[in-house]
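Peer 1: Contents are PDB, C-alpha atoms; file name upload32.pdb:
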MODEL        1
ATOM      1  CA  MET A 284    -109.175 151.193 109.662
ATOM      2  CA  LEU A 285    -112.369 152.587 110.965
ATOM      3  CA  VAL A 286    -114.050 155.105 108.735
ATOM      4  CA  VAL A 287    -116.588 157.267 110.593
ATOM      5  CA  PRO A 288    -119.249 158.849 108.330
ATOM      6  CA  ARG A 289    -120.403 162.349 108.988
ATOM      7  CA  CYS A 290    -123.706 162.449 110.658
ATOM      8  CA  ASP A 291    -125.557 165.385 111.942
ATOM      9  CA  ARG A 292    -127.049 164.987 115.326
ATOM     10  CA  ASP A 293    -130.274 166.482 114.355
ATOM     11  CA  SER A 294    -130.838 164.359 111.280
ATOM     12  CA  PRO A 295    -133.215 161.469 111.192
ATOM     13  CA  ARG A 296    -130.574 159.258 110.001
ATOM     14  CA  GLU A 297    -128.653 159.554 113.237
ATOM     15  CA  GLU A 298    -129.745 156.180 114.416
ATOM     16  CA  GLU A 299    -128.763 154.750 111.159
ATOM     17  CA  CYS A 300    -125.383 156.332 111.448
ATOM     18  CA  GLU A 301    -124.910 154.922 114.880
ATOM     19  CA  ASP A 302    -125.966 151.507 113.630
ATOM     20  CA  VAL A 303    -123.553 151.808 110.771
ATOM     21  CA  LEU A 304    -120.842 152.938 113.141
ATOM     22  CA  ALA A 305    -121.604 150.075 115.469
ATOM     23  CA  GLN A 306    -121.524 147.650 112.577
ATOM     24  CA  LYS A 307    -118.298 149.142 111.343
ATOM     25  CA  ARG A 308    -116.857 148.961 114.822
ATOM     26  CA  GLU A 309    -117.958 145.383 115.138
ATOM     27  CA  ALA A 310    -116.568 144.649 111.676
ATOM     28  CA  ASN A 311    -113.297 146.309 112.611
ATOM     29  CA  ILE A 312    -113.208 144.353 115.876
ATOM     30  CA  ARG A 313    -113.968 141.135 114.038
ATOM     31  CA  GLN A 314    -111.345 142.039 111.448
ATOM     32  CA  ARG A 315    -108.801 142.792 114.175
ATOM     33  CA  GLU A 316    -109.704 139.589 115.995
ATOM     34  CA  GLU A 317    -109.482 137.688 112.709
ATOM     35  CA  CYS A 318    -106.114 139.294 112.022
ATOM     36  CA  ARG A 319    -104.992 138.491 115.548
ATOM     37  CA  ARG A 320    -106.322 134.976 115.205
ATOM     38  CA  LEU A 321    -104.612 134.606 111.830
ATOM     39  CA  ARG A 322    -101.369 136.011 113.237
ATOM     40  CA  HIS A 323    -101.697 133.729 116.212
ATOM     41  CA  ALA A 324    -102.464 130.761 113.931
ATOM     42  CA  GLU A 325     -99.556 131.752 111.706
ATOM     43  CA  ALA A 326     -97.278 132.077 114.741
ATOM     44  CA  VAL A 327     -98.527 128.740 116.000
ATOM     45  CA  ALA A 328     -98.002 127.240 112.535
ATOM     46  CA  GLN A 329     -94.509 128.753 112.396
ATOM     47  CA  LYS A 330     -93.795 127.431 115.857
ATOM     48  CA  LYS A 331     -95.157 124.025 114.863
ATOM     49  CA  ALA A 332     -93.088 124.146 111.705
ATOM     50  CA  ALA A 333     -90.030 125.195 113.742
ATOM     51  CA  TRP A 334     -90.743 122.454 116.254
ATOM     52  CA  GLN A 335     -91.221 119.978 113.433
ATOM     53  CA  ARG A 336     -88.014 121.150 111.779
ATOM     54  CA  GLU A 337     -86.257 120.960 115.101
ATOM     55  CA  ALA A 338     -87.695 117.496 115.752
ATOM     56  CA  GLU A 339     -86.744 116.393 112.236
ATOM     57  CA  GLY A 340     -83.289 117.890 112.715
ATOM     58  CA  ARG A 341     -82.989 116.210 116.114
ATOM     59  CA  GLU A 342     -84.184 112.940 114.622
ATOM     60  CA  GLY A 343     -81.772 113.392 111.735
ATOM     61  CA  ARG A 344     -78.942 114.134 114.175
ATOM     62  CA  LEU A 345     -79.941 111.111 116.270
ATOM     63  CA  GLN A 346     -80.062 108.915 113.192
ATOM     64  CA  GLY A 347     -76.716 110.339 112.071
ATOM     65  CA  ALA A 348     -75.274 109.738 115.543
ATOM     66  CA  ARG A 349     -76.697 106.214 115.573
ATOM     67  CA  ALA A 350     -75.305 105.574 112.095
ATOM     68  CA  ALA A 351     -71.938 107.047 113.152
ATOM     69  CA  ARG A 352     -71.981 104.911 116.303
ATOM     70  CA  ARG A 353     -72.852 101.799 114.274
ATOM     71  CA  GLN A 354     -70.069 102.706 111.851
ATOM     72  CA  GLU A 355     -67.626 103.198 114.736
ATOM     73  CA  LEU A 356     -68.692  99.881 116.268
ATOM     74  CA  GLN A 357     -68.336  98.121 112.922
ATOM     75  CA  GLU A 358     -64.932  99.722 112.390
ATOM     76  CA  ALA A 359     -63.883  98.779 115.944
ATOM     77  CA  LEU A 360     -65.091  95.206 115.361
ATOM     78  CA  ALA A 361     -63.273  95.115 112.045
ATOM     79  CA  GLN A 362     -60.116  96.490 113.695
ATOM     80  CA  ARG A 363     -60.370  93.969 116.535
ATOM     81  CA  ALA A 364     -60.927  91.153 114.040
ATOM     82  CA  ALA A 365     -57.978  92.367 111.943
ATOM     83  CA  ALA A 366     -55.817  92.688 115.079
ATOM     84  CA  ALA A 367     -56.864  89.196 116.218
ATOM     85  CA  GLN A 368     -56.121  87.797 112.750
ATOM     86  CA  GLU A 369     -52.767  89.563 112.692
ATOM     87  CA  ARG A 370     -52.005  88.287 116.198
ATOM     88  CA  ARG A 371     -52.917  84.733 115.122
ATOM     89  CA  GLN A 372     -50.698  85.049 112.060
ATOM     90  CA  LYS A 373     -47.843  86.401 114.173
ATOM     91  CA  ASP A 374     -48.340  83.584 116.679
ATOM     92  CA  LEU A 375     -48.312  81.029 113.862
ATOM     93  CA  LEU A 376     -45.189  82.589 112.365
ATOM     94  CA  ARG A 377     -43.552  82.703 115.817
ATOM     95  CA  GLU A 378     -44.435  79.060 116.484
ATOM     96  CA  HIS A 379     -43.145  78.113 113.032
ATOM     97  CA  ALA A 380     -39.898  80.002 113.674
ATOM     98  CA  ILE A 381     -39.562  78.374 117.118
ATOM     99  CA  ASP A 382     -40.209  74.923 115.627
ATOM    100  CA  GLN A 383     -37.700  75.602 112.871
ATOM    101  CA  LYS A 384     -35.084  76.780 115.386
ATOM    102  CA  LEU A 385     -35.812  73.762 117.573
ATOM    103  CA  ARG A 386     -35.471  71.379 114.616
ATOM    104  CA  SER A 387     -32.276  73.134 113.566
ATOM    105  CA  TRP A 388     -30.932  72.895 117.127
ATOM    106  CA  GLU A 389     -31.916  69.218 117.332
ATOM    107  CA  ASP A 390     -30.198  68.547 114.002
ATOM    108  CA  ARG A 391     -27.054  70.361 115.152
ATOM    109  CA  GLU A 392     -27.162  68.601 118.521
ATOM    110  CA  ASN A 393     -27.669  65.193 116.849
ATOM    111  CA  GLN A 394     -24.834  65.925 114.484
ATOM    112  CA  ARG A 395     -22.611  67.038 117.382
ATOM    113  CA  LEU A 396     -23.509  63.943 119.441
ATOM    114  CA  HIS A 397     -22.950  61.694 116.417
ATOM    115  CA  GLN A 398     -19.577  63.336 115.867
ATOM    116  CA  MET A 399     -18.756  62.956 119.565
ATOM    117  CA  CYS A 400     -19.724  59.259 119.405
ATOM    118  CA  ALA A 401     -17.614  58.788 116.283
ATOM    119  CA  GLU A 402     -14.674  60.577 117.911
ATOM    120  CA  ALA A 403     -15.120  58.532 121.103
ATOM    121  CA  GLU A 404     -15.234  55.328 119.058
ATOM    122  CA  GLN A 405     -12.159  56.408 117.147
ATOM    123  CA  ALA A 406     -10.402  57.357 120.383
ATOM    124  CA  LYS A 407     -11.403  53.998 121.854
ATOM    125  CA  MET A 408     -10.024  52.244 118.800
ATOM    126  CA  LEU A 409      -6.857  54.346 118.955
ATOM    127  CA  LYS A 410      -6.564  53.626 122.664
ATOM    128  CA  ALA A 411      -7.114  49.934 122.040
ATOM    129  CA  SER A 412      -4.595  49.949 119.212
ATOM    130  CA  SER A 413      -2.261  52.029 121.389
ATOM    131  CA  ARG A 414      -2.782  49.530 124.205
ATOM    132  CA  GLU A 415      -2.037  46.711 121.788
ATOM    133  CA  HIS A 416       0.967  48.619 120.537
ATOM    134  CA  GLN A 417       2.154  49.252 124.124
ATOM    135  CA  LYS A 418       1.514  45.614 124.920
ATOM    136  CA  SER A 419       3.473  44.507 121.862
ATOM    137  CA  LEU A 420       6.236  46.972 122.790
ATOM    138  CA  ARG A 421       6.323  45.579 126.347
ATOM    139  CA  LEU A 422       6.298  42.040 124.968
ATOM    140  CA  GLN A 423       9.085  42.904 122.595
ATOM    141  CA  ALA A 424      11.057  44.573 125.401
ATOM    142  CA  ALA A 425      10.477  41.519 127.625
ATOM    143  CA  GLN A 426      11.550  39.223 124.807
ATOM    144  CA  GLU A 427      14.636  41.341 124.212
ATOM    145  CA  ALA A 428      15.419  41.353 127.941
ATOM    146  CA  ALA A 429      14.907  37.572 128.053
ATOM    147  CA  ALA A 430      17.131  37.205 125.006
ATOM    148  CA  ARG A 431      19.793  39.398 126.680
ATOM    149  CA  ARG A 432      19.563  37.353 129.861
ATOM    150  CA  ALA A 433      19.739  34.112 127.865
ATOM    151  CA  GLU A 434      22.724  35.487 125.972
ATOM    152  CA  GLU A 435      24.334  36.521 129.258
ATOM    153  CA  ARG A 436      23.714  33.048 130.704
ATOM    154  CA  ARG A 437      25.084  31.438 127.536
ATOM    155  CA  ARG A 438      28.128  33.720 127.626
ATOM    156  CA  ARG A 439      28.693  32.990 131.312
ATOM    157  CA  ALA A 440      28.267  29.280 130.663
ATOM    158  CA  GLU A 441      30.756  29.560 127.806
ATOM    159  CA  LEU A 442      33.209  31.447 130.047
ATOM    160  CA  GLU A 443      32.686  28.881 132.804
ATOM    161  CA  ARG A 444      33.269  26.066 130.308
ATOM    162  CA  ARG A 445      36.441  27.683 129.015
ATOM    163  CA  ARG A 446      37.608  28.284 132.546
ATOM    164  CA  GLU A 447      36.899  24.669 133.470
ATOM    165  CA  GLU A 448      38.735  23.527 130.363
ATOM    166  CA  SER A 449      41.594  25.838 131.190
ATOM    167  CA  LEU A 450      41.714  24.535 134.763
ATOM    168  CA  ALA A 451      41.463  20.964 133.538
ATOM    169  CA  ARG A 452      44.266  21.526 131.074
ATOM    170  CA  ARG A 453      46.452  23.126 133.704
ATOM    171  CA  GLU A 454      45.703  20.284 136.116
ATOM    172  CA  ALA A 455      46.552  17.791 133.417
ATOM    173  CA  GLU A 456      49.770  19.647 132.690
ATOM    174  CA  ARG A 457      50.597  19.760 136.353
ATOM    175  CA  GLN A 458      49.945  16.073 136.829
ATOM    176  CA  ALA A 459      51.966  15.366 133.738
ATOM    177  CA  ARG A 460      54.823  17.215 135.297
ATOM    178  CA  ALA A 461      54.339  15.694 138.736
ATOM    179  CA  PRO A 462      55.770  12.168 137.969
ATOM    180  CA  GLU A 463      58.928  13.890 137.054
ATOM    181  CA  GLY A 464      59.342  15.387 140.429
ATOM    182  CA  ALA A 465      58.779  14.199 143.956
ATOM    183  CA  PRO A 466      55.714  14.974 145.795
ATOM    184  CA  GLY A 467      57.708  17.204 148.088
ATOM    185  CA  ASP A 468      59.729  18.750 145.279
ATOM    186  CA  PRO A 469      59.887  22.468 145.780
ATOM    187  CA  ARG A 470      60.083  22.987 142.012
ATOM    188  CA  ALA A 471      56.725  21.424 141.611
ATOM    189  CA  PRO A 472      53.967  23.982 141.034
ATOM    190  CA  ALA A 473      51.502  24.608 143.813
ATOM    191  CA  PRO A 474      48.106  22.965 143.370
ATOM    192  CA  ALA A 475      45.483  25.266 141.872
ATOM    193  CA  ALA A 476      42.826  26.622 144.173
ATOM    194  CA  ALA A 477      39.365  25.247 143.792
ATOM    195  CA  ALA A 478      37.112  27.241 141.518
ATOM    196  CA  PRO A 479      34.631  29.330 143.305
TER
ENDMDL
END
In structure tokens, how does this file's structure come out?
Peer 2:
Amino acid sequence: MLVVPRCDRDSPREEECEDVLAQKREANIRQREECRRLRHAEAVAQKKAAWQREAEGREGRLQGARAARRQELQEALAQRAAAAQERRQKDLLREHAIDQKLRSWEDRENQRLHQMCAEAEQAKMLKASSREHQKSLRLQAAQEAAARRAEERRRRAELERRREESLARREAERQARAPEGAPGDPRAPAPAAAAP
């Protein structure tokens, strides 16, 4: 604040008062300029501090974002690695299950084929034994038929022999009776017809 001293215009010290006033004015101007400069410097310092804080905050945010991004990338890599590992394990388990099912199917199929072969062999043996049995039955039937035919022939031969004997006996009886009678004797029996 500018303090103006009282000076009379007529006094000899008027020049002094003007000098003092000029000095005080200059001092006040310098003080105002210094205050303005200080305020300006303070404002500049505050702005610099704000800019620095803002830059530090931005840098901190950037570092935080970079760290978060690195963390996300690491987590994504870890998740991909875990998913790949899980997929490999599932593939291995699937292949193991497929191999086990295939081996089980092959065992069942081998067992079924072995059983089929055994049944076919048994059927073949049964068929062969049945064929042998049929053959023996046919042979037996043929032998029985041959025996029946032989028996029939023997029986016919026996009948023929008896008939021949009977005819021979009758012829002998007739001839024995013939000397008794004449050849033209009507009481004589008629000669027997020839056997067919």
Peer 1: If the box runs along x, y and z of the file and leaves 4 Å on each side of region 445-464 of chain A, what are its centre and edge lengths in Å, one decimal, as lines of an AutoDock Vina configuration file?
Peer 2:
center_x = 47.9
center_y = 20.2
center_z = 134.7
size_x = 30.9
size_y = 24.1
size_z = 19.4
Peer 1: Work out how far CA of Glu404 (chain A) is from CA of Ala424 (chain A), in Å to one decimal.
Peer 2: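 These two atoms are separated by 29.1 Å.
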Peer 1: One decimal, in Å: what's the spacing between CA of Leu376 (chain A) and CA of Arg363 (chain A)?
Peer 2: 19.4 Å
Peer 1: Counting only C-alpha atoms, give me one row per residue of region 403-443 of chain A with an atom at most 12 Å from an atom of region 449-456 of chain A, showing the shortest contact pair and its distance in Å to one decimal, sorted by chain then residue number, as a Markdown table.
Peer 2:
| residue | atom | partner | partner_atom | distance |
| --- | --- | --- | --- | --- |
| A:Glu441 | CA | A:Ser449 | CA | 11.9 |
| A:Leu442 | CA | A:Ser449 | CA | 10.2 |
| A:Glu443 | CA | A:Ser449 | CA | 9.6 |
Peer 1: Please report the interatomic distance between CA of Asn393 (chain A) and CA of Lys373 (chain A) in Å with one decimal.
Peer 2: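 Distance between the two atoms: 29.4 Å.
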